[in-house]
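**Student:** Quick one: this structure, given as structure tokens, is what I'll be asking you about.
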Number of protein chains: 4
Amino acid sequence: MSKIDKNKQMKRESLLETAFRLFTSKGIQKTSISDIVEDAGVAKGTFYLYFKDKYDIRNKLIAHKSGEVFKRADLALQATDITELEERVIFLIDNIINQLVENKTLLGFISKNLSWGMFKNVLIGAGEDSEVDFYDIYHSMFGDEGRFENPEVMVFMMIELVGATCYSAILYSEPVGIDELKPYIFRTIRGIMAMHRITGQTETDSDI
Amino acid sequence: MSKIDKNKQMKRESLLETAFRLFTSKGIQKTSISDIVEDAGVAKGTFYLYFKDKYDIRNKLIAHKSGEVFKRADLALQATDITELEERVIFLIDNIINQLVENKTLLGFISKNLSWGMFKNVLIGAGEDSEVDFYDIYHSMFGDEGRFENPEVMVFMMIELVGATCYSAILYSEPVGIDELKPYIFRTIRGIMAMHRITGQTETDSDI
Amino acid sequence: MSKIDKNKQMKRESLLETAFRLFTSKGIQKTSISDIVEDAGVAKGTFYLYFKDKYDIRNKLIAHKSGEVFKRADLALQATDITELEERVIFLIDNIINQLVENKTLLGFISKNLSWGMFKNVLIGAGEDSEVDFYDIYHSMFGDEGRFENPEVMVFMMIELVGATCYSAILYSEPVGIDELKPYIFRTIRGIMAMHRITGQTETDSDI
Amino acid sequence: MSKIDKNKQMKRESLLETAFRLFTSKGIQKTSISDIVEDAGVAKGTFYLYFKDKYDIRNKLIAHKSGEVFKRADLALQATDITELEERVIFLIDNIINQLVENKTLLGFISKNLSWGMFKNVLIGAGEDSEVDFYDIYHSMFGDEGRFENPEVMVFMMIELVGATCYSAILYSEPVGIDELKPYIFRTIRGIMAMHRITGQTETDSDI
DNA sequence: TATGAATGAGGGTTCATTCAT
DNA sequence: CATGAATGAACCCTCATTCAT
């Protein structure tokens, strides 16, 4: 049975790998299920044994691939001795940006498809096939300590800012290259964190 | 000739209107040219007299629709007596957000399709069928006065931040509704402007 | 497997047969793939499982049909005891002409489509789905014996002459019917062979 | 009126010229009426004022273009002092072949389209828009003198032989280039003429 | 489980032809 | 005579999905 199960797992992973390669090289719209099964070396019907349709495999890929990016960033962070929270966040973001610079196809894939809703799913559902529990990381960083007014909004803004600006800067160097953009991103990130830090809320709010 | 030309313009606009309605209700992928011409009440071949393909009409719609949003925001701004630049920017953004709240289908359409490159095209090419010259507005606000270190990067960051965060907040109230998010957005916008203001560069830079 | 393969072969042959019938009755240009699949009783997509496009099926038909003609002629020749080479050639040509007289649709199809390049392909590639190896026949007749100065040119001229003249004579009796034309054709064929026969080259050449 | 008529003639000739250029460069099937009128600089409807459809203009072109070739060959012949009939025929054929070598697009166009029936039309109908009366030439050469047994068959065979063999030799050098093929063609032509010459009919006929 | 032949609706696109101007 | 916008049938081809093996 183990052998059969292993075979099954191989088929599934072959399909995922192939789909990712084709999605990132030809685009999702232009990739047909025929393309995937042909390259993966399985029969057409087999695809439907593992995935509902093209968008099912896409969603599973996004969760998987973005999870990996966060995992690698977290591992790198653990290898440092940075303790200050703000510096830890900056380190993570910098690491993720660097990963995306190195892997532009992954960037294109994630940016076009990773919504905030998706991201939360990664956070929550990560435990199922991952050794890292992102939910724990998230909470230990932002949630438990009560240091931030609205941690979820804060993380949301940071992620959307980084995602949106990096896409254009890394892939098209528009309006500037990522190296030139990074300082601005980091300063804005620090600004966002400062804004949400509870002790820092003494200034008068005059938001329009 | 006038009669024929008027008829042509009507056909063209009928196609644009119908395409927009279908794109925003069914999505671009799911909308076929057959759908468009059927709803617009013209023959299939007629579509190809006016547009190259589905993506041609989409691009023209994006430019047109986002141009309109900016135009309306600018008109509203002119009706005020706000003089301070920062306040003018905040007013514009607030107005645009409010428009998008009122017109969620437009928001979905623009957000999914308006890239920075597209935005620049709207800015530059707006003159062709618009009474407002966005390029002038842009330059009079940010470019000429030498008050900002890198105005293009600044505008880029503001637009990407607003676009990315509003999409989720307005359409899905995730992670919070737009009303709750707005103060954070505005404060971040002010932070971004402060960061680029040349005289404000006295603080120490410690961008990683 | 045998059952499925048999079914596949049947589908393929049904398509070939139907295409031939339509090509010869309506012409290739006027025959659409829709026509073929409809008459063959298969779905449109099925066509593309077996052939790349209309011209793929046409080429396969030409090779197949002209191969059959040559094969039949060769079989008939083997049933005789003609030994003299020239008489054997005349016999083959006569037999082929007679076949084409009997099957005028085949004549129209082959004549319009069988170029010299095509003919060589039939000769060379015939082995793949045929029991007769035309290449062997050809070589044993003309090539090996060293009796002809330029056997390829000789065969080329004979084939082009026969093809071009028979088409008009058989189908339209223009300028005369095939029976009246035959003697002239045969005499010209003999002339061409005489011309290429190496020992026959004693006459003075005065080719302009 | 003359001016209008001149304008009409110009439109017609512009259409003919453009059609010929497109037919020979893209092929007849791939050339649409839209292509022709666009390149010719006239409106679509105008085409139908002069020609019935694409095949009407094609037929008119074939007659016109092949007529020109024969006319040029005849003019060249008249400039010589060749008197012997056989040599005159060889001269004509050689001249025509040379024209086709120089003008390969013309060769492709004529060969693919010039049937014997067409050729006779050119002969007969040539008077309508040509200064040369081919019918006269033809008859003075072959018909009137009673020197040939069946002049029409003879001309037919010569034309078909030359047309069929030259096409492959000039355009594809298959099986040999035209220069290498010419001697064989001429000898065969002489053979065909000898065969039809009435005084030369002393040899025994053994046509199968 | 796994296969892959078969399906057929539906996609985008072309183009000969018409006809009001 | 000349125009060219409009037509819409017909084209080729793709592909997600099914199901008998």
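Ligands are numbered from 1 in the order shown, residues from 1 within each chain, and chains are lettered A, B, ... in the order they appear in the structure tokens.
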Step one, run DSSP on the backbone; step two, keep only residues of segment 19-155 of chain A assigned to helix (DSSP H, G or I); then write them as number ranges by chain.
**Tutor:** A: 19-26, 33-40, 44-50, 54-78, 85-102, 104-113, 116-129, 134-143, 151-155
**Student:** Once chain D is superposed on chain B with a least-squares fit on all C-alpha pairs taken in order, can you show it as a PDB file with C-alpha atoms, in the first residue's frame?
**Tutor:**
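Result file selection_29.pdb:
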```pdb
ATOM      1  CA  MET D   1     -21.042  62.226 -43.700  1.00  0.00           C
ATOM      2  CA  SER D   2     -21.586  63.645 -40.280  1.00  0.00           C
ATOM      3  CA  LYS D   3     -24.530  61.335 -39.871  1.00  0.00           C
ATOM      4  CA  ILE D   4     -22.453  58.348 -40.815  1.00  0.00           C
ATOM      5  CA  ASP D   5     -19.692  59.407 -38.492  1.00  0.00           C
ATOM      6  CA  LYS D   6     -22.193  59.847 -35.700  1.00  0.00           C
ATOM      7  CA  ASN D   7     -23.494  56.384 -36.384  1.00  0.00           C
ATOM      8  CA  LYS D   8     -19.968  55.029 -36.264  1.00  0.00           C
ATOM      9  CA  GLN D   9     -19.300  56.736 -32.982  1.00  0.00           C
ATOM     10  CA  MET D  10     -22.509  55.348 -31.589  1.00  0.00           C
ATOM     11  CA  LYS D  11     -21.551  51.813 -32.533  1.00  0.00           C
ATOM     12  CA  ARG D  12     -18.154  52.236 -30.928  1.00  0.00           C
ATOM     13  CA  GLU D  13     -19.582  53.607 -27.733  1.00  0.00           C
ATOM     14  CA  SER D  14     -22.261  51.011 -27.592  1.00  0.00           C
ATOM     15  CA  LEU D  15     -19.565  48.362 -27.782  1.00  0.00           C
ATOM     16  CA  LEU D  16     -17.500  50.056 -25.073  1.00  0.00           C
ATOM     17  CA  GLU D  17     -20.447  50.476 -22.745  1.00  0.00           C
ATOM     18  CA  THR D  18     -21.624  46.920 -23.241  1.00  0.00           C
ATOM     19  CA  ALA D  19     -18.153  45.507 -22.795  1.00  0.00           C
ATOM     20  CA  PHE D  20     -17.719  47.405 -19.545  1.00  0.00           C
ATOM     21  CA  ARG D  21     -21.043  46.173 -18.230  1.00  0.00           C
ATOM     22  CA  LEU D  22     -20.244  42.578 -19.108  1.00  0.00           C
ATOM     23  CA  PHE D  23     -16.630  42.722 -17.937  1.00  0.00           C
ATOM     24  CA  THR D  24     -17.683  44.011 -14.535  1.00  0.00           C
ATOM     25  CA  SER D  25     -20.638  41.686 -14.135  1.00  0.00           C
ATOM     26  CA  LYS D  26     -19.312  38.414 -15.543  1.00  0.00           C
ATOM     27  CA  GLY D  27     -15.596  39.003 -15.562  1.00  0.00           C
ATOM     28  CA  ILE D  28     -13.367  39.495 -18.531  1.00  0.00           C
ATOM     29  CA  GLN D  29     -12.519  35.853 -19.056  1.00  0.00           C
ATOM     30  CA  LYS D  30     -16.122  34.807 -19.061  1.00  0.00           C
ATOM     31  CA  THR D  31     -17.177  37.546 -21.435  1.00  0.00           C
ATOM     32  CA  SER D  32     -16.976  36.559 -25.072  1.00  0.00           C
ATOM     33  CA  ILE D  33     -17.017  38.820 -28.056  1.00  0.00           C
ATOM     34  CA  SER D  34     -20.269  37.158 -29.001  1.00  0.00           C
ATOM     35  CA  ASP D  35     -21.740  38.342 -25.707  1.00  0.00           C
ATOM     36  CA  ILE D  36     -20.605  41.882 -26.339  1.00  0.00           C
ATOM     37  CA  VAL D  37     -21.874  42.241 -29.880  1.00  0.00           C
ATOM     38  CA  GLU D  38     -25.146  40.553 -29.046  1.00  0.00           C
ATOM     39  CA  ASP D  39     -25.853  42.906 -26.163  1.00  0.00           C
ATOM     40  CA  ALA D  40     -24.607  45.888 -28.099  1.00  0.00           C
ATOM     41  CA  GLY D  41     -26.870  45.041 -30.977  1.00  0.00           C
ATOM     42  CA  VAL D  42     -24.244  44.992 -33.691  1.00  0.00           C
ATOM     43  CA  ALA D  43     -22.974  42.246 -35.906  1.00  0.00           C
ATOM     44  CA  LYS D  44     -20.007  40.156 -34.972  1.00  0.00           C
ATOM     45  CA  GLY D  45     -17.834  41.385 -37.776  1.00  0.00           C
ATOM     46  CA  THR D  46     -18.469  44.966 -36.737  1.00  0.00           C
ATOM     47  CA  PHE D  47     -16.518  44.456 -33.542  1.00  0.00           C
ATOM     48  CA  TYR D  48     -13.372  43.931 -35.530  1.00  0.00           C
ATOM     49  CA  LEU D  49     -13.856  47.191 -37.360  1.00  0.00           C
ATOM     50  CA  TYR D  50     -13.325  49.065 -34.093  1.00  0.00           C
ATOM     51  CA  PHE D  51     -11.191  46.858 -31.866  1.00  0.00           C
ATOM     52  CA  LYS D  52      -8.462  44.361 -32.419  1.00  0.00           C
ATOM     53  CA  ASP D  53      -9.665  41.891 -29.837  1.00  0.00           C
ATOM     54  CA  LYS D  54     -11.060  41.596 -26.334  1.00  0.00           C
ATOM     55  CA  TYR D  55      -7.918  42.926 -24.708  1.00  0.00           C
ATOM     56  CA  ASP D  56      -7.814  45.937 -26.944  1.00  0.00           C
ATOM     57  CA  ILE D  57     -11.259  47.008 -25.836  1.00  0.00           C
ATOM     58  CA  ARG D  58     -10.320  46.258 -22.224  1.00  0.00           C
ATOM     59  CA  ASN D  59      -7.293  48.521 -22.335  1.00  0.00           C
ATOM     60  CA  LYS D  60      -9.260  51.337 -23.867  1.00  0.00           C
ATOM     61  CA  LEU D  61     -11.865  50.927 -21.181  1.00  0.00           C
ATOM     62  CA  ILE D  62      -9.355  51.038 -18.340  1.00  0.00           C
ATOM     63  CA  ALA D  63      -7.795  54.239 -19.610  1.00  0.00           C
ATOM     64  CA  HIS D  64     -11.178  55.801 -20.150  1.00  0.00           C
ATOM     65  CA  LYS D  65     -12.725  54.754 -16.859  1.00  0.00           C
ATOM     66  CA  SER D  66      -9.791  55.562 -14.636  1.00  0.00           C
ATOM     67  CA  GLY D  67      -9.383  58.866 -16.405  1.00  0.00           C
ATOM     68  CA  GLU D  68     -12.954  59.703 -15.511  1.00  0.00           C
ATOM     69  CA  VAL D  69     -12.352  58.958 -11.872  1.00  0.00           C
ATOM     70  CA  PHE D  70      -9.350  61.272 -11.696  1.00  0.00           C
ATOM     71  CA  LYS D  71     -11.194  63.916 -13.635  1.00  0.00           C
ATOM     72  CA  ARG D  72     -14.114  63.908 -11.247  1.00  0.00           C
ATOM     73  CA  ALA D  73     -11.779  64.060  -8.266  1.00  0.00           C
ATOM     74  CA  ASP D  74      -9.936  66.981  -9.781  1.00  0.00           C
ATOM     75  CA  LEU D  75     -13.143  68.847 -10.523  1.00  0.00           C
ATOM     76  CA  ALA D  76     -14.239  68.382  -6.945  1.00  0.00           C
ATOM     77  CA  LEU D  77     -10.893  69.656  -5.747  1.00  0.00           C
ATOM     78  CA  GLN D  78     -11.177  72.772  -7.881  1.00  0.00           C
ATOM     79  CA  ALA D  79     -14.513  73.517  -6.269  1.00  0.00           C
ATOM     80  CA  THR D  80     -12.794  73.779  -2.902  1.00  0.00           C
ATOM     81  CA  ASP D  81     -10.373  76.426  -1.708  1.00  0.00           C
ATOM     82  CA  ILE D  82      -7.826  74.035  -0.287  1.00  0.00           C
ATOM     83  CA  THR D  83      -4.389  75.389  -0.988  1.00  0.00           C
ATOM     84  CA  GLU D  84      -1.982  73.372   1.067  1.00  0.00           C
ATOM     85  CA  LEU D  85      -0.482  70.650  -1.122  1.00  0.00           C
ATOM     86  CA  GLU D  86      -0.690  67.822   1.389  1.00  0.00           C
ATOM     87  CA  GLU D  87      -4.325  68.558   2.032  1.00  0.00           C
ATOM     88  CA  ARG D  88      -5.020  68.650  -1.687  1.00  0.00           C
ATOM     89  CA  VAL D  89      -3.528  65.205  -2.131  1.00  0.00           C
ATOM     90  CA  ILE D  90      -5.504  63.817   0.766  1.00  0.00           C
ATOM     91  CA  PHE D  91      -8.634  65.368  -0.649  1.00  0.00           C
ATOM     92  CA  LEU D  92      -8.060  63.752  -4.032  1.00  0.00           C
ATOM     93  CA  ILE D  93      -7.442  60.360  -2.545  1.00  0.00           C
ATOM     94  CA  ASP D  94     -10.446  60.606  -0.283  1.00  0.00           C
ATOM     95  CA  ASN D  95     -12.617  61.593  -3.194  1.00  0.00           C
ATOM     96  CA  ILE D  96     -11.353  58.742  -5.327  1.00  0.00           C
ATOM     97  CA  ILE D  97     -11.912  56.235  -2.547  1.00  0.00           C
ATOM     98  CA  ASN D  98     -15.440  57.530  -2.101  1.00  0.00           C
ATOM     99  CA  GLN D  99     -16.115  57.161  -5.787  1.00  0.00           C
ATOM    100  CA  LEU D 100     -14.907  53.579  -5.658  1.00  0.00           C
ATOM    101  CA  VAL D 101     -17.055  52.846  -2.633  1.00  0.00           C
ATOM    102  CA  GLU D 102     -20.072  54.093  -4.553  1.00  0.00           C
ATOM    103  CA  ASN D 103     -19.138  52.159  -7.635  1.00  0.00           C
ATOM    104  CA  LYS D 104     -17.817  48.803  -6.597  1.00  0.00           C
ATOM    105  CA  THR D 105     -17.954  47.273 -10.058  1.00  0.00           C
ATOM    106  CA  LEU D 106     -15.700  50.047 -11.245  1.00  0.00           C
ATOM    107  CA  LEU D 107     -13.355  49.350  -8.344  1.00  0.00           C
ATOM    108  CA  GLY D 108     -13.153  45.697  -9.223  1.00  0.00           C
ATOM    109  CA  PHE D 109     -12.471  46.500 -12.836  1.00  0.00           C
ATOM    110  CA  ILE D 110      -9.809  49.137 -12.232  1.00  0.00           C
ATOM    111  CA  SER D 111      -8.000  47.388  -9.385  1.00  0.00           C
ATOM    112  CA  LYS D 112      -7.628  44.144 -11.247  1.00  0.00           C
ATOM    113  CA  ASN D 113      -6.343  45.891 -14.329  1.00  0.00           C
ATOM    114  CA  LEU D 114      -4.734  49.206 -13.508  1.00  0.00           C
ATOM    115  CA  SER D 115      -1.009  48.761 -13.294  1.00  0.00           C
ATOM    116  CA  TRP D 116       1.469  51.549 -12.799  1.00  0.00           C
ATOM    117  CA  GLY D 117       2.404  51.373 -16.443  1.00  0.00           C
ATOM    118  CA  MET D 118      -1.216  51.766 -17.362  1.00  0.00           C
ATOM    119  CA  PHE D 119      -1.534  54.680 -15.001  1.00  0.00           C
ATOM    120  CA  LYS D 120       1.324  56.503 -16.639  1.00  0.00           C
ATOM    121  CA  ASN D 121      -0.310  55.985 -19.996  1.00  0.00           C
ATOM    122  CA  VAL D 122      -3.466  57.547 -18.698  1.00  0.00           C
ATOM    123  CA  LEU D 123      -1.439  60.482 -17.481  1.00  0.00           C
ATOM    124  CA  ILE D 124       0.429  60.926 -20.690  1.00  0.00           C
ATOM    125  CA  GLY D 125      -2.131  59.963 -23.223  1.00  0.00           C
ATOM    126  CA  ALA D 126      -5.055  61.554 -21.498  1.00  0.00           C
ATOM    127  CA  GLY D 127      -5.121  64.512 -23.821  1.00  0.00           C
ATOM    128  CA  GLU D 128      -6.405  62.560 -26.751  1.00  0.00           C
ATOM    129  CA  ASP D 129     -10.008  62.301 -25.740  1.00  0.00           C
ATOM    130  CA  SER D 130     -10.204  64.250 -22.529  1.00  0.00           C
ATOM    131  CA  GLU D 131     -10.674  67.857 -21.624  1.00  0.00           C
ATOM    132  CA  VAL D 132      -8.456  67.536 -18.573  1.00  0.00           C
ATOM    133  CA  ASP D 133      -4.714  67.347 -18.937  1.00  0.00           C
ATOM    134  CA  PHE D 134      -3.537  65.142 -16.126  1.00  0.00           C
ATOM    135  CA  TYR D 135       0.038  65.660 -16.982  1.00  0.00           C
ATOM    136  CA  ASP D 136      -0.334  69.336 -16.185  1.00  0.00           C
ATOM    137  CA  ILE D 137      -2.059  68.614 -12.913  1.00  0.00           C
ATOM    138  CA  TYR D 138       0.585  66.133 -11.948  1.00  0.00           C
ATOM    139  CA  HIS D 139       3.443  68.434 -12.718  1.00  0.00           C
ATOM    140  CA  SER D 140       1.932  71.473 -11.126  1.00  0.00           C
ATOM    141  CA  MET D 141       1.390  69.467  -7.982  1.00  0.00           C
ATOM    142  CA  PHE D 142       4.570  67.510  -7.619  1.00  0.00           C
ATOM    143  CA  GLY D 143       7.041  68.101 -10.329  1.00  0.00           C
ATOM    144  CA  ASP D 144       7.756  71.678 -10.999  1.00  0.00           C
ATOM    145  CA  GLU D 145       8.259  73.099  -7.608  1.00  0.00           C
ATOM    146  CA  GLY D 146      11.179  71.015  -6.570  1.00  0.00           C
ATOM    147  CA  ARG D 147       9.629  70.358  -3.224  1.00  0.00           C
ATOM    148  CA  PHE D 148       9.902  66.610  -3.418  1.00  0.00           C
ATOM    149  CA  GLU D 149      12.951  64.505  -3.696  1.00  0.00           C
ATOM    150  CA  ASN D 150      11.549  61.864  -6.004  1.00  0.00           C
ATOM    151  CA  PRO D 151       7.998  62.749  -6.913  1.00  0.00           C
ATOM    152  CA  GLU D 152       7.442  59.856  -9.263  1.00  0.00           C
ATOM    153  CA  VAL D 153       8.366  57.285  -6.637  1.00  0.00           C
ATOM    154  CA  MET D 154       6.216  59.107  -4.159  1.00  0.00           C
ATOM    155  CA  VAL D 155       3.139  59.076  -6.369  1.00  0.00           C
ATOM    156  CA  PHE D 156       3.839  55.487  -7.273  1.00  0.00           C
ATOM    157  CA  MET D 157       3.873  54.408  -3.659  1.00  0.00           C
ATOM    158  CA  MET D 158       0.766  56.315  -2.799  1.00  0.00           C
ATOM    159  CA  ILE D 159      -1.177  54.916  -5.697  1.00  0.00           C
ATOM    160  CA  GLU D 160      -0.093  51.343  -5.123  1.00  0.00           C
ATOM    161  CA  LEU D 161      -0.831  51.584  -1.419  1.00  0.00           C
ATOM    162  CA  VAL D 162      -4.287  53.011  -1.955  1.00  0.00           C
ATOM    163  CA  GLY D 163      -5.137  50.651  -4.787  1.00  0.00           C
ATOM    164  CA  ALA D 164      -4.029  47.511  -3.011  1.00  0.00           C
ATOM    165  CA  THR D 165      -5.538  48.220   0.375  1.00  0.00           C
ATOM    166  CA  CYS D 166      -8.823  49.703  -0.814  1.00  0.00           C
ATOM    167  CA  TYR D 167      -9.651  46.744  -2.994  1.00  0.00           C
ATOM    168  CA  SER D 168      -9.804  44.332  -0.103  1.00  0.00           C
ATOM    169  CA  ALA D 169     -11.336  46.764   2.356  1.00  0.00           C
ATOM    170  CA  ILE D 170     -14.131  48.022   0.127  1.00  0.00           C
ATOM    171  CA  LEU D 171     -15.111  44.796  -1.548  1.00  0.00           C
ATOM    172  CA  TYR D 172     -14.618  42.321   1.271  1.00  0.00           C
ATOM    173  CA  SER D 173     -14.213  44.439   4.433  1.00  0.00           C
ATOM    174  CA  GLU D 174     -11.004  42.545   4.961  1.00  0.00           C
ATOM    175  CA  PRO D 175      -9.231  42.957   7.312  1.00  0.00           C
ATOM    176  CA  VAL D 176     -11.493  45.895   8.194  1.00  0.00           C
ATOM    177  CA  GLY D 177     -14.031  48.060   6.391  1.00  0.00           C
ATOM    178  CA  ILE D 178     -12.923  51.065   4.406  1.00  0.00           C
ATOM    179  CA  ASP D 179     -14.132  53.551   7.016  1.00  0.00           C
ATOM    180  CA  GLU D 180     -11.954  51.974   9.625  1.00  0.00           C
ATOM    181  CA  LEU D 181      -9.033  51.720   7.248  1.00  0.00           C
ATOM    182  CA  LYS D 182      -9.113  55.270   5.950  1.00  0.00           C
ATOM    183  CA  PRO D 183      -7.370  56.931   8.921  1.00  0.00           C
ATOM    184  CA  TYR D 184      -4.457  54.545   8.585  1.00  0.00           C
ATOM    185  CA  ILE D 185      -4.223  55.134   4.869  1.00  0.00           C
ATOM    186  CA  PHE D 186      -4.212  58.879   5.261  1.00  0.00           C
ATOM    187  CA  ARG D 187      -1.615  58.816   7.957  1.00  0.00           C
ATOM    188  CA  THR D 188       0.572  56.604   5.835  1.00  0.00           C
ATOM    189  CA  ILE D 189       0.098  58.911   2.865  1.00  0.00           C
ATOM    190  CA  ARG D 190       1.167  61.848   5.005  1.00  0.00           C
ATOM    191  CA  GLY D 191       4.130  59.800   6.113  1.00  0.00           C
ATOM    192  CA  ILE D 192       5.140  59.032   2.558  1.00  0.00           C
ATOM    193  CA  MET D 193       4.912  62.683   1.609  1.00  0.00           C
ATOM    194  CA  ALA D 194       6.872  63.761   4.650  1.00  0.00           C
ATOM    195  CA  MET D 195       9.508  61.245   3.742  1.00  0.00           C
ATOM    196  CA  HIS D 196       9.913  62.694   0.278  1.00  0.00           C
ATOM    197  CA  ARG D 197       9.727  66.345   1.247  1.00  0.00           C
ATOM    198  CA  ILE D 198      13.177  67.717   0.724  1.00  0.00           C
ATOM    199  CA  THR D 199      13.276  69.995   3.727  1.00  0.00           C
ATOM    200  CA  GLY D 200      12.142  67.130   5.898  1.00  0.00           C
ATOM    201  CA  GLN D 201      15.181  65.019   5.178  1.00  0.00           C
ATOM    202  CA  THR D 202      17.083  65.938   8.319  1.00  0.00           C
ATOM    203  CA  GLU D 203      16.390  62.717  10.124  1.00  0.00           C
ATOM    204  CA  THR D 204      18.993  59.997   9.920  1.00  0.00           C
ATOM    205  CA  ASP D 205      18.380  57.336   7.321  1.00  0.00           C
ATOM    206  CA  SER D 206      18.881  53.850   8.595  1.00  0.00           C
ATOM    207  CA  ASP D 207      17.329  51.792   5.867  1.00  0.00           C
ATOM    208  CA  ILE D 208      18.818  48.464   6.781  1.00  0.00           C
TER     209      ILE D 208
END
```
**Student:** Per residue of chain E within 10 Å of chain A, record the nearest atom pair and its distance in Å to one decimal, counting only C-alpha atoms (C1' of nucleotides), with rows in chain order and ascending residue number, as a Markdown table.
**Tutor:**
```
| residue | atom | partner | partner_atom | distance |
| --- | --- | --- | --- | --- |
| E:DT1 | C1' | A:Thr46 | CA | 8.8 |
| E:DA2 | C1' | A:Thr46 | CA | 6.3 |
| E:DT3 | C1' | A:Ala43 | CA | 5.8 |
| E:DG4 | C1' | A:Ala43 | CA | 6.3 |
```
**Student:** One decimal, Å: what's the distance from atom C1' of DT17 of chain E over to atom C1' of DA6 of chain F, could you say?
**Tutor:**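 Value for the atom C1' of DT17 of chain E-atom C1' of DA6 of chain F distance: 10.6 Å.
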**Student:** As a list in words, could you give me every residue of chain F near chain A (at most 12 Å apart, counting only C-alpha atoms (C1' of nucleotides))?
**Tutor:**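 Interface list for chain F against chain A: DT14, DC15, DA16, DT17, DT18 and DC19 of chain F.
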**Student:** Quick one: pull the distance between atom C1' of DC15 of chain E and atom C1' of DA2 of chain F, Å, one decimal.
**Tutor:**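 Answer for the atom C1' of DC15 of chain E to atom C1' of DA2 of chain F separation: 20.6 Å.
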**Student:** Between atom C1' of DT14 of chain E and atom C1' of DA9 of chain F, what is the spacing in Å?
**Tutor:** 10.8 Å
